[in-house]
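J.: Could you have a look at this structure, given as structure tokens, before my questions?
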Amino acid sequence: MTVLLFCSRGSQELVCRGSMSSPLLARKGRQQQRYDNQLRLVAGCIPYKLNNIDGDNQSCDLLDRVEVLMVTSPGRLDFVFPKGGWENDETAGEAACREALEEAGVRGTLNDTALGVWEFRSKSTQKACSLEGTCKGYMFALEVTEELDCYPEKDSRDRKWVPVGEAYKLCRYDWMRKALDSFKDLLRGRRIPTVPELSEPPSLCIVKPSAADHAIALC
């Protein structure tokens with residue numbers, strides 16, 4: 001059984017809510033995993049919330065009110081943003097919503113303007129010389145509207161709300177800091193470069209591993 005997400009599309013955002021008719025369970029396996037050549041495609045988001053201005057904080061800068069949500073990796077103490085495999089029965093935005101629910105237990109409004117796309121290695125293949133284990137990740141901004149007490153990966157991850165400045169210090173990788181740069185630009189209304197693969201879906205080559213360990217191109 002899998003998590004079901006129902007997303008209504010607007011011109012600038014996706015509003016995602018989980019199904020209340022079934023238990024919240026994380027997807028397992030990679031039978032529907034998308035690939036671009038040998039790169040595993042993943043999607044994730046920077047969950048955030050806006051705090052009310054109190055008497056001691058009179059700043060007009062929107063970012064002074066923002067906190068972002070980070071989660072630990074299983075078995076590690078470092079913090080990351082929710083992300084995971086983008087599967088072939090969902091859009092990148094839907095995958096980002098699902099990962100936020102599974103890993104961080106949050107739902108909200110996802111801005112469908114991608115913050116960017118970055119290539120990075122999974123933590124288990126940091127020293128590998130081949131492309132195996134390399135991911136191509138699409139990141140989005142998710143304004144959190146609901147924070148759950150019970151969610152699929154609650155027992156294997158900690159979550160932490162932090163100011164944007166502290167998030168930079170917690171980021172393990174440079175690509176995460178670059179995603180934060182784009183996130184700040186988005187909140188300030190600055191233009192973010194379009195991600196070609198998302199604006200022109202037919203140009204994306206999806207490769208699905210077969211049971212015989214060879215690839216079948218689904219272009």
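Ordered as shown in the structure tokens, chains take letters A, B, and onward, while each chain numbers its residues from 1 and ligands are numbered from 1 in the order shown.
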For range 175-189 of chain A, please output as a VMD selection string all residues within 9 Å (counting only C-alpha atoms; exclusion window: fewer than 4 positions along the same chain).
T.: chain A and resid 46 62 to 63 80 to 81 113 115 to 120 139 to 141 164 167 to 169 171
J.: Could you name the residues that touch Tyr48 in chain A at 9 Å or less, counting only C-alpha atoms, but leaving out those on the same chain fewer than 4 positions away, as a VMD selection string?
T.: chain A and resid 66 to 69 141 to 144 161
J.: Using only N, CA, C and O atoms, please write the residues we just selected to a file, as a PDB file, in the first residue's frame.
T.:
ATOM      1  N   VAL A  66      11.075  33.645   8.119  1.00  0.00           N
ATOM      2  CA  VAL A  66      11.010  32.300   7.555  1.00  0.00           C
ATOM      3  C   VAL A  66      11.824  31.302   8.369  1.00  0.00           C
ATOM      4  O   VAL A  66      12.946  31.585   8.789  1.00  0.00           O
ATOM      5  N   GLU A  67      11.241  30.137   8.586  1.00  0.00           N
ATOM      6  CA  GLU A  67      11.971  28.982   9.094  1.00  0.00           C
ATOM      7  C   GLU A  67      11.787  27.844   8.100  1.00  0.00           C
ATOM      8  O   GLU A  67      10.713  27.695   7.511  1.00  0.00           O
ATOM      9  N   VAL A  68      12.832  27.047   7.924  1.00  0.00           N
ATOM     10  CA  VAL A  68      12.748  25.899   7.031  1.00  0.00           C
ATOM     11  C   VAL A  68      12.875  24.626   7.859  1.00  0.00           C
ATOM     12  O   VAL A  68      13.463  24.619   8.944  1.00  0.00           O
ATOM     13  N   LEU A  69      12.300  23.553   7.326  1.00  0.00           N
ATOM     14  CA  LEU A  69      12.284  22.276   8.038  1.00  0.00           C
ATOM     15  C   LEU A  69      13.323  21.342   7.424  1.00  0.00           C
ATOM     16  O   LEU A  69      13.337  21.118   6.218  1.00  0.00           O
ATOM     17  N   ALA A 141       9.861  24.583  -3.419  1.00  0.00           N
ATOM     18  CA  ALA A 141       9.544  25.212  -2.132  1.00  0.00           C
ATOM     19  C   ALA A 141       8.141  24.798  -1.714  1.00  0.00           C
ATOM     20  O   ALA A 141       7.199  24.878  -2.508  1.00  0.00           O
ATOM     21  N   LEU A 142       7.987  24.347  -0.482  1.00  0.00           N
ATOM     22  CA  LEU A 142       6.704  23.892   0.044  1.00  0.00           C
ATOM     23  C   LEU A 142       6.332  24.721   1.268  1.00  0.00           C
ATOM     24  O   LEU A 142       7.010  24.642   2.297  1.00  0.00           O
ATOM     25  N   GLU A 143       5.278  25.526   1.177  1.00  0.00           N
ATOM     26  CA  GLU A 143       4.800  26.260   2.347  1.00  0.00           C
ATOM     27  C   GLU A 143       3.931  25.322   3.172  1.00  0.00           C
ATOM     28  O   GLU A 143       2.870  24.878   2.734  1.00  0.00           O
ATOM     29  N   VAL A 144       4.364  25.012   4.375  1.00  0.00           N
ATOM     30  CA  VAL A 144       3.711  24.007   5.214  1.00  0.00           C
ATOM     31  C   VAL A 144       2.412  24.550   5.803  1.00  0.00           C
ATOM     32  O   VAL A 144       2.380  25.643   6.370  1.00  0.00           O
ATOM     33  N   TRP A 161      12.985  22.671  12.833  1.00  0.00           N
ATOM     34  CA  TRP A 161      12.721  23.964  12.208  1.00  0.00           C
ATOM     35  C   TRP A 161      13.875  24.901  12.540  1.00  0.00           C
ATOM     36  O   TRP A 161      14.261  25.048  13.709  1.00  0.00           O
TER      37      TRP A 161
END
J.: So how many Å separate CA of Gln33 in chain A and CA of Phe79 in chain A, to one decimal?
T.: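 Atom-to-atom, CA of Gln33 in chain A and CA of Phe79 in chain A are spaced 24.2 Å apart.
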J.: From the set A:Gly137, A:Pro82, A:Pro152, A:Pro74, which residue has the shortest atom-to-atom contact distance to Glu102 in chain A, counting only C-alpha atoms?
T.: A:Pro152
J.: Using DSSP secondary structure from the backbone, list all alpha helix (DSSP H) positions within range 14-194 of chain A, as JSON, numbers by chain.
T.: {"A": [92, 93, 94, 95, 96, 97, 98, 99, 164, 165, 166, 167, 168, 169, 170, 174, 175, 176, 177, 178, 179, 180, 181, 182, 183, 184, 185, 186, 187]}
J.: Those same residues, written as a PDB file, in the first residue's frame with N, CA and C atoms?
T.:
ATOM      1  N   ALA A  92       7.155  15.538 -10.940  1.00  0.00           N
ATOM      2  CA  ALA A  92       8.216  15.862  -9.989  1.00  0.00           C
ATOM      3  C   ALA A  92       7.633  16.558  -8.760  1.00  0.00           C
ATOM      4  N   GLY A  93       6.652  17.443  -8.973  1.00  0.00           N
ATOM      5  CA  GLY A  93       6.026  18.128  -7.849  1.00  0.00           C
ATOM      6  C   GLY A  93       5.280  17.176  -6.934  1.00  0.00           C
ATOM      7  N   GLU A  94       4.584  16.211  -7.516  1.00  0.00           N
ATOM      8  CA  GLU A  94       3.866  15.225  -6.709  1.00  0.00           C
ATOM      9  C   GLU A  94       4.840  14.361  -5.922  1.00  0.00           C
ATOM     10  N   ALA A  95       5.970  14.016  -6.545  1.00  0.00           N
ATOM     11  CA  ALA A  95       6.989  13.237  -5.834  1.00  0.00           C
ATOM     12  C   ALA A  95       7.550  14.040  -4.659  1.00  0.00           C
ATOM     13  N   ALA A  96       7.765  15.336  -4.857  1.00  0.00           N
ATOM     14  CA  ALA A  96       8.284  16.190  -3.781  1.00  0.00           C
ATOM     15  C   ALA A  96       7.292  16.258  -2.622  1.00  0.00           C
ATOM     16  N   CYS A  97       5.996  16.374  -2.953  1.00  0.00           N
ATOM     17  CA  CYS A  97       4.967  16.382  -1.909  1.00  0.00           C
ATOM     18  C   CYS A  97       4.963  15.072  -1.132  1.00  0.00           C
ATOM     19  N   ARG A  98       5.052  13.969  -1.861  1.00  0.00           N
ATOM     20  CA  ARG A  98       5.028  12.657  -1.217  1.00  0.00           C
ATOM     21  C   ARG A  98       6.221  12.479  -0.289  1.00  0.00           C
ATOM     22  N   GLU A  99       7.404  12.883  -0.742  1.00  0.00           N
ATOM     23  CA  GLU A  99       8.594  12.745   0.091  1.00  0.00           C
ATOM     24  C   GLU A  99       8.514  13.620   1.343  1.00  0.00           C
ATOM     25  N   VAL A 164      16.677  30.437   8.145  1.00  0.00           N
ATOM     26  CA  VAL A 164      17.392  30.186   6.895  1.00  0.00           C
ATOM     27  C   VAL A 164      18.911  30.255   7.105  1.00  0.00           C
ATOM     28  N   GLY A 165      19.372  31.233   7.881  1.00  0.00           N
ATOM     29  CA  GLY A 165      20.806  31.366   8.122  1.00  0.00           C
ATOM     30  C   GLY A 165      21.399  30.134   8.782  1.00  0.00           C
ATOM     31  N   GLU A 166      20.695  29.548   9.734  1.00  0.00           N
ATOM     32  CA  GLU A 166      21.187  28.343  10.395  1.00  0.00           C
ATOM     33  C   GLU A 166      21.148  27.152   9.447  1.00  0.00           C
ATOM     34  N   ALA A 167      20.153  27.124   8.546  1.00  0.00           N
ATOM     35  CA  ALA A 167      20.055  26.031   7.576  1.00  0.00           C
ATOM     36  C   ALA A 167      21.312  25.946   6.721  1.00  0.00           C
ATOM     37  N   TYR A 168      21.859  27.105   6.331  1.00  0.00           N
ATOM     38  CA  TYR A 168      23.096  27.105   5.548  1.00  0.00           C
ATOM     39  C   TYR A 168      24.211  26.375   6.294  1.00  0.00           C
ATOM     40  N   LYS A 169      24.299  26.592   7.599  1.00  0.00           N
ATOM     41  CA  LYS A 169      25.356  25.971   8.395  1.00  0.00           C
ATOM     42  C   LYS A 169      25.145  24.465   8.540  1.00  0.00           C
ATOM     43  N   LEU A 170      23.885  24.028   8.512  1.00  0.00           N
ATOM     44  CA  LEU A 170      23.583  22.612   8.685  1.00  0.00           C
ATOM     45  C   LEU A 170      23.728  21.818   7.390  1.00  0.00           C
ATOM     46  N   ASP A 174      27.183  21.379  -0.974  1.00  0.00           N
ATOM     47  CA  ASP A 174      27.068  22.678  -1.629  1.00  0.00           C
ATOM     48  C   ASP A 174      25.767  22.822  -2.406  1.00  0.00           C
ATOM     49  N   TRP A 175      25.285  21.722  -3.033  1.00  0.00           N
ATOM     50  CA  TRP A 175      24.069  21.836  -3.828  1.00  0.00           C
ATOM     51  C   TRP A 175      22.869  22.224  -2.964  1.00  0.00           C
ATOM     52  N   MET A 176      22.881  21.823  -1.699  1.00  0.00           N
ATOM     53  CA  MET A 176      21.792  22.194  -0.800  1.00  0.00           C
ATOM     54  C   MET A 176      21.812  23.695  -0.521  1.00  0.00           C
ATOM     55  N   ARG A 177      23.024  24.246  -0.372  1.00  0.00           N
ATOM     56  CA  ARG A 177      23.138  25.695  -0.154  1.00  0.00           C
ATOM     57  C   ARG A 177      22.709  26.475  -1.402  1.00  0.00           C
ATOM     58  N   LYS A 178      23.004  25.913  -2.585  1.00  0.00           N
ATOM     59  CA  LYS A 178      22.564  26.558  -3.823  1.00  0.00           C
ATOM     60  C   LYS A 178      21.036  26.518  -3.936  1.00  0.00           C
ATOM     61  N   ALA A 179      20.430  25.421  -3.480  1.00  0.00           N
ATOM     62  CA  ALA A 179      18.962  25.341  -3.468  1.00  0.00           C
ATOM     63  C   ALA A 179      18.383  26.398  -2.530  1.00  0.00           C
ATOM     64  N   LEU A 180      19.044  26.617  -1.404  1.00  0.00           N
ATOM     65  CA  LEU A 180      18.609  27.667  -0.480  1.00  0.00           C
ATOM     66  C   LEU A 180      18.738  29.052  -1.113  1.00  0.00           C
ATOM     67  N   ASP A 181      19.795  29.257  -1.907  1.00  0.00           N
ATOM     68  CA  ASP A 181      19.939  30.536  -2.613  1.00  0.00           C
ATOM     69  C   ASP A 181      18.744  30.778  -3.532  1.00  0.00           C
ATOM     70  N   SER A 182      18.349  29.739  -4.285  1.00  0.00           N
ATOM     71  CA  SER A 182      17.201  29.858  -5.185  1.00  0.00           C
ATOM     72  C   SER A 182      15.911  30.055  -4.398  1.00  0.00           C
ATOM     73  N   PHE A 183      15.813  29.388  -3.257  1.00  0.00           N
ATOM     74  CA  PHE A 183      14.640  29.532  -2.389  1.00  0.00           C
ATOM     75  C   PHE A 183      14.490  30.983  -1.930  1.00  0.00           C
ATOM     76  N   LYS A 184      15.586  31.596  -1.534  1.00  0.00           N
ATOM     77  CA  LYS A 184      15.552  33.000  -1.118  1.00  0.00           C
ATOM     78  C   LYS A 184      15.140  33.906  -2.271  1.00  0.00           C
ATOM     79  N   ASP A 185      15.658  33.628  -3.465  1.00  0.00           N
ATOM     80  CA  ASP A 185      15.277  34.423  -4.637  1.00  0.00           C
ATOM     81  C   ASP A 185      13.787  34.284  -4.921  1.00  0.00           C
ATOM     82  N   LEU A 186      13.271  33.069  -4.786  1.00  0.00           N
ATOM     83  CA  LEU A 186      11.842  32.832  -5.041  1.00  0.00           C
ATOM     84  C   LEU A 186      10.979  33.641  -4.087  1.00  0.00           C
ATOM     85  N   LEU A 187      11.319  33.627  -2.790  1.00  0.00           N
ATOM     86  CA  LEU A 187      10.520  34.353  -1.811  1.00  0.00           C
ATOM     87  C   LEU A 187      10.595  35.858  -2.026  1.00  0.00           C
TER      88      LEU A 187
END
J.: Work out how far CA of Lys160 in chain A is from CA of Asn52 in chain A, in Å to one decimal.
T.: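 Distance reported for this atom pair: 18.5 Å.
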J.: Point out the residue among A:Leu148, A:Arg157, A:Arg121, A:Arg190 with the least atom-to-atom distance to Tyr173 in chain A, counting only C-alpha atoms.
T.: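 With only C-alpha atoms as the atom set, the closest residue is A:Arg121.
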J.: Could you give me, as a CSV table (one decimal) with all heavy atoms, in the first residue's frame, the residues within 9 Å of Glu87 in chain A, counting only C-alpha atoms and dropping anything in the same chain fewer than 2 positions from it?
T.:
chain,number,residue,atom,x,y,z
A,30,ARG,N,12.2,0.2,-6.2
A,30,ARG,CA,12.4,1.1,-7.3
A,30,ARG,C,11.9,0.6,-8.6
A,30,ARG,O,12.4,0.9,-9.7
A,30,ARG,CB,13.9,1.3,-7.4
A,30,ARG,CG,14.5,2.0,-6.2
A,30,ARG,CD,16.0,2.4,-6.4
A,30,ARG,NE,16.5,3.1,-5.2
A,30,ARG,CZ,17.8,3.4,-5.1
A,30,ARG,NH1,18.7,3.2,-6.1
A,30,ARG,NH2,18.2,4.1,-4.1
A,31,GLN,N,10.8,-0.2,-8.5
A,31,GLN,CA,10.2,-0.7,-9.7
A,31,GLN,C,9.7,0.4,-10.7
A,31,GLN,O,9.7,0.2,-11.9
A,31,GLN,CB,9.0,-1.6,-9.4
A,31,GLN,CG,9.4,-2.9,-8.7
A,31,GLN,CD,9.5,-2.7,-7.2
A,31,GLN,OE1,9.4,-1.6,-6.7
A,31,GLN,NE2,9.8,-3.8,-6.4
A,32,GLN,N,9.3,1.5,-10.2
A,32,GLN,CA,8.8,2.6,-11.0
A,32,GLN,C,9.8,3.8,-11.0
A,32,GLN,O,9.4,4.9,-11.5
A,32,GLN,CB,7.4,3.1,-10.5
A,32,GLN,CG,6.4,2.0,-10.5
A,32,GLN,CD,5.0,2.5,-10.1
A,32,GLN,OE1,4.3,3.1,-11.0
A,32,GLN,NE2,4.7,2.4,-8.9
A,33,GLN,N,11.0,3.6,-10.6
A,33,GLN,CA,12.0,4.7,-10.5
A,33,GLN,C,12.3,5.2,-11.9
A,33,GLN,O,12.5,4.5,-12.8
A,33,GLN,CB,13.2,4.2,-9.8
A,33,GLN,CG,14.4,5.1,-9.9
A,33,GLN,CD,14.1,6.4,-9.0
A,33,GLN,OE1,13.8,6.3,-7.9
A,33,GLN,NE2,14.3,7.5,-9.7
A,34,ARG,N,12.4,6.6,-12.0
A,34,ARG,CA,12.8,7.2,-13.2
A,34,ARG,C,14.3,7.4,-13.3
A,34,ARG,O,14.9,7.7,-12.3
A,34,ARG,CB,12.1,8.6,-13.4
A,34,ARG,CG,10.6,8.6,-13.5
A,34,ARG,CD,10.2,10.0,-13.6
A,34,ARG,NE,8.7,10.1,-13.7
A,34,ARG,CZ,8.0,10.7,-14.6
A,34,ARG,NH1,8.6,11.2,-15.7
A,34,ARG,NH2,6.7,10.7,-14.6
A,41,LEU,N,16.6,9.8,-11.0
A,41,LEU,CA,15.9,11.1,-10.8
A,41,LEU,C,15.2,11.1,-9.4
A,41,LEU,O,14.5,10.2,-9.1
A,41,LEU,CB,14.9,11.3,-11.9
A,41,LEU,CG,15.4,11.3,-13.3
A,41,LEU,CD1,14.3,11.6,-14.3
A,41,LEU,CD2,16.6,12.2,-13.5
A,42,VAL,N,15.5,12.2,-8.7
A,42,VAL,CA,14.8,12.4,-7.4
A,42,VAL,C,14.2,13.8,-7.4
A,42,VAL,O,14.5,14.6,-8.1
A,42,VAL,CB,15.9,12.2,-6.2
A,42,VAL,CG1,16.6,10.9,-6.3
A,42,VAL,CG2,16.9,13.4,-6.3
A,85,GLY,N,13.1,9.3,-4.6
A,85,GLY,CA,12.9,8.9,-5.9
A,85,GLY,C,11.7,9.4,-6.6
A,85,GLY,O,10.6,9.4,-6.0
A,89,ASP,N,4.8,7.3,-12.2
A,89,ASP,CA,3.3,7.5,-12.2
A,89,ASP,C,3.0,8.9,-11.5
A,89,ASP,O,1.9,9.1,-11.1
A,89,ASP,CB,2.6,6.4,-11.4
A,89,ASP,CG,3.0,6.3,-9.9
A,89,ASP,OD1,4.1,6.9,-9.6
A,89,ASP,OD2,2.3,5.6,-9.2
A,90,GLU,N,4.0,9.8,-11.4
A,90,GLU,CA,3.8,11.0,-10.7
A,90,GLU,C,4.7,12.1,-11.4
A,90,GLU,O,5.7,11.8,-12.0
A,90,GLU,CB,4.1,10.9,-9.2
A,90,GLU,CG,5.5,10.5,-9.0
A,90,GLU,CD,5.8,10.1,-7.5
A,90,GLU,OE1,4.9,10.3,-6.7
A,90,GLU,OE2,6.9,9.7,-7.2
A,91,THR,N,4.2,13.4,-11.2
A,91,THR,CA,5.1,14.5,-11.6
A,91,THR,C,6.2,14.7,-10.6
A,91,THR,O,6.1,14.2,-9.5
A,91,THR,CB,4.2,15.8,-11.8
A,91,THR,OG1,3.8,16.2,-10.5
A,91,THR,CG2,3.0,15.6,-12.7
A,92,ALA,N,7.2,15.5,-10.9
A,92,ALA,CA,8.2,15.9,-10.0
A,92,ALA,C,7.6,16.6,-8.8
A,92,ALA,O,8.1,16.3,-7.6
A,92,ALA,CB,9.3,16.7,-10.7
A,95,ALA,N,6.0,14.0,-6.5
A,95,ALA,CA,7.0,13.2,-5.8
A,95,ALA,C,7.5,14.0,-4.7
A,95,ALA,O,7.8,13.5,-3.6
A,95,ALA,CB,8.1,12.8,-6.8
J.: Could you tell me, as a VMD selection string, which residues of range 62-165 of chain A DSSP assigns to strand (DSSP E) when given the backbone?
T.: chain A and resid 66 to 72 79 to 80 83 to 85 106 to 121 134 to 147 159 to 163
J.: Go ahead and save the residues from that selection, with N, CA and C atoms, as a tab-separated table (two decimals), in the first residue's frame.
T.:
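selection21.tsv was written with the following content:
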chain	number	residue	atom	x	y	z
A	66	VAL	N	11.07	33.65	8.12
A	66	VAL	CA	11.01	32.30	7.55
A	66	VAL	C	11.82	31.30	8.37
A	67	GLU	N	11.24	30.14	8.59
A	67	GLU	CA	11.97	28.98	9.09
A	67	GLU	C	11.79	27.84	8.10
A	68	VAL	N	12.83	27.05	7.92
A	68	VAL	CA	12.75	25.90	7.03
A	68	VAL	C	12.87	24.63	7.86
A	69	LEU	N	12.30	23.55	7.33
A	69	LEU	CA	12.28	22.28	8.04
A	69	LEU	C	13.32	21.34	7.42
A	70	MET	N	14.19	20.80	8.28
A	70	MET	CA	15.19	19.84	7.85
A	70	MET	C	15.01	18.54	8.63
A	71	VAL	N	15.46	17.45	8.04
A	71	VAL	CA	15.33	16.14	8.67
A	71	VAL	C	16.68	15.44	8.65
A	72	THR	N	16.88	14.53	9.59
A	72	THR	CA	18.11	13.75	9.61
A	72	THR	C	17.99	12.59	8.63
A	79	PHE	N	21.69	16.95	8.83
A	79	PHE	CA	20.36	17.33	8.39
A	79	PHE	C	20.31	17.57	6.89
A	80	VAL	N	19.19	17.18	6.28
A	80	VAL	CA	18.97	17.35	4.85
A	80	VAL	C	17.54	17.84	4.64
A	83	LYS	N	13.66	14.48	0.35
A	83	LYS	CA	13.78	14.18	-1.08
A	83	LYS	C	13.81	12.67	-1.26
A	84	GLY	N	13.51	12.23	-2.47
A	84	GLY	CA	13.54	10.81	-2.75
A	84	GLY	C	13.22	10.55	-4.21
A	85	GLY	N	13.12	9.27	-4.57
A	85	GLY	CA	12.94	8.88	-5.95
A	85	GLY	C	11.69	9.44	-6.60
A	106	VAL	N	4.86	16.46	6.77
A	106	VAL	CA	4.23	17.75	6.53
A	106	VAL	C	3.48	17.74	5.19
A	107	ARG	N	2.43	18.53	5.14
A	107	ARG	CA	1.68	18.79	3.91
A	107	ARG	C	1.63	20.30	3.72
A	108	GLY	N	1.37	20.72	2.48
A	108	GLY	CA	1.29	22.15	2.27
A	108	GLY	C	1.08	22.52	0.83
A	109	THR	N	1.44	23.75	0.51
A	109	THR	CA	1.30	24.30	-0.83
A	109	THR	C	2.66	24.33	-1.50
A	110	LEU	N	2.79	23.58	-2.59
A	110	LEU	CA	4.05	23.48	-3.30
A	110	LEU	C	4.07	24.45	-4.47
A	111	ASN	N	5.06	25.33	-4.50
A	111	ASN	CA	5.23	26.22	-5.64
A	111	ASN	C	5.80	25.40	-6.80
A	112	ASP	N	5.13	25.39	-7.95
A	112	ASP	CA	5.56	24.52	-9.03
A	112	ASP	C	6.69	25.10	-9.87
A	113	THR	N	7.27	26.21	-9.44
A	113	THR	CA	8.50	26.70	-10.06
A	113	THR	C	9.67	25.98	-9.41
A	114	ALA	N	10.35	25.13	-10.16
A	114	ALA	CA	11.48	24.38	-9.60
A	114	ALA	C	12.59	25.34	-9.19
A	115	LEU	N	13.18	25.08	-8.03
A	115	LEU	CA	14.30	25.89	-7.56
A	115	LEU	C	15.55	25.63	-8.39
A	116	GLY	N	15.58	24.49	-9.04
A	116	GLY	CA	16.72	24.13	-9.87
A	116	GLY	C	16.89	22.62	-9.92
A	117	VAL	N	17.92	22.19	-10.62
A	117	VAL	CA	18.24	20.77	-10.72
A	117	VAL	C	19.73	20.61	-10.47
A	118	TRP	N	20.09	19.64	-9.66
A	118	TRP	CA	21.48	19.43	-9.28
A	118	TRP	C	21.83	17.96	-9.36
A	119	GLU	N	23.09	17.66	-9.68
A	119	GLU	CA	23.58	16.29	-9.69
A	119	GLU	C	24.43	16.07	-8.44
A	120	PHE	N	24.20	14.95	-7.78
A	120	PHE	CA	24.95	14.65	-6.56
A	120	PHE	C	24.94	13.14	-6.36
A	121	ARG	N	25.82	12.66	-5.53
A	121	ARG	CA	25.91	11.23	-5.25
A	121	ARG	C	25.13	10.89	-3.98
A	134	THR	N	24.75	8.08	-8.78
A	134	THR	CA	24.61	9.53	-8.97
A	134	THR	C	23.15	9.88	-9.19
A	135	CYS	N	22.70	10.94	-8.55
A	135	CYS	CA	21.30	11.36	-8.63
A	135	CYS	C	21.20	12.71	-9.34
A	136	LYS	N	20.07	12.91	-9.96
A	136	LYS	CA	19.73	14.20	-10.57
A	136	LYS	C	18.48	14.67	-9.86
A	137	GLY	N	18.62	15.71	-9.04
A	137	GLY	CA	17.55	16.10	-8.13
A	137	GLY	C	16.90	17.42	-8.47
A	138	TYR	N	15.57	17.43	-8.45
A	138	TYR	CA	14.76	18.63	-8.67
A	138	TYR	C	14.18	19.07	-7.33
A	139	MET	N	14.38	20.35	-6.98
A	139	MET	CA	13.93	20.84	-5.69
A	139	MET	C	12.87	21.93	-5.86
A	140	PHE	N	11.93	21.98	-4.90
A	140	PHE	CA	10.82	22.92	-4.91
A	140	PHE	C	10.70	23.57	-3.52
A	141	ALA	N	9.86	24.58	-3.42
A	141	ALA	CA	9.54	25.21	-2.13
A	141	ALA	C	8.14	24.80	-1.71
A	142	LEU	N	7.99	24.35	-0.48
A	142	LEU	CA	6.70	23.89	0.04
A	142	LEU	C	6.33	24.72	1.27
A	143	GLU	N	5.28	25.53	1.18
A	143	GLU	CA	4.80	26.26	2.35
A	143	GLU	C	3.93	25.32	3.17
A	144	VAL	N	4.36	25.01	4.38
A	144	VAL	CA	3.71	24.01	5.21
A	144	VAL	C	2.41	24.55	5.80
A	145	THR	N	1.36	23.77	5.66
A	145	THR	CA	0.06	24.11	6.24
A	145	THR	C	-0.36	23.11	7.32
A	146	GLU	N	0.29	21.96	7.35
A	146	GLU	CA	-0.08	20.93	8.34
A	146	GLU	C	1.16	20.12	8.71
A	147	GLU	N	1.35	19.93	9.99
A	147	GLU	CA	2.48	19.15	10.51
A	147	GLU	C	1.93	17.98	11.32
A	159	ARG	N	13.31	15.78	12.97
A	159	ARG	CA	13.06	16.97	12.15
A	159	ARG	C	13.30	18.21	13.00
A	160	LYS	N	13.66	19.29	12.33
A	160	LYS	CA	14.04	20.50	13.06
A	160	LYS	C	13.72	21.73	12.23
A	161	TRP	N	12.98	22.67	12.83
A	161	TRP	CA	12.72	23.96	12.21
A	161	TRP	C	13.87	24.90	12.54
A	162	VAL	N	14.44	25.54	11.52
A	162	VAL	CA	15.58	26.42	11.75
A	162	VAL	C	15.43	27.68	10.87
A	163	PRO	N	16.00	28.81	11.31
A	163	PRO	CA	16.05	29.99	10.45
A	163	PRO	C	16.90	29.68	9.21
J.: What does the structure give for the distance between CA of Glu197 in chain A and CA of Cys45 in chain A, in Å to one decimal?
T.: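 Computing it gives 17.2 Å between the two atoms.
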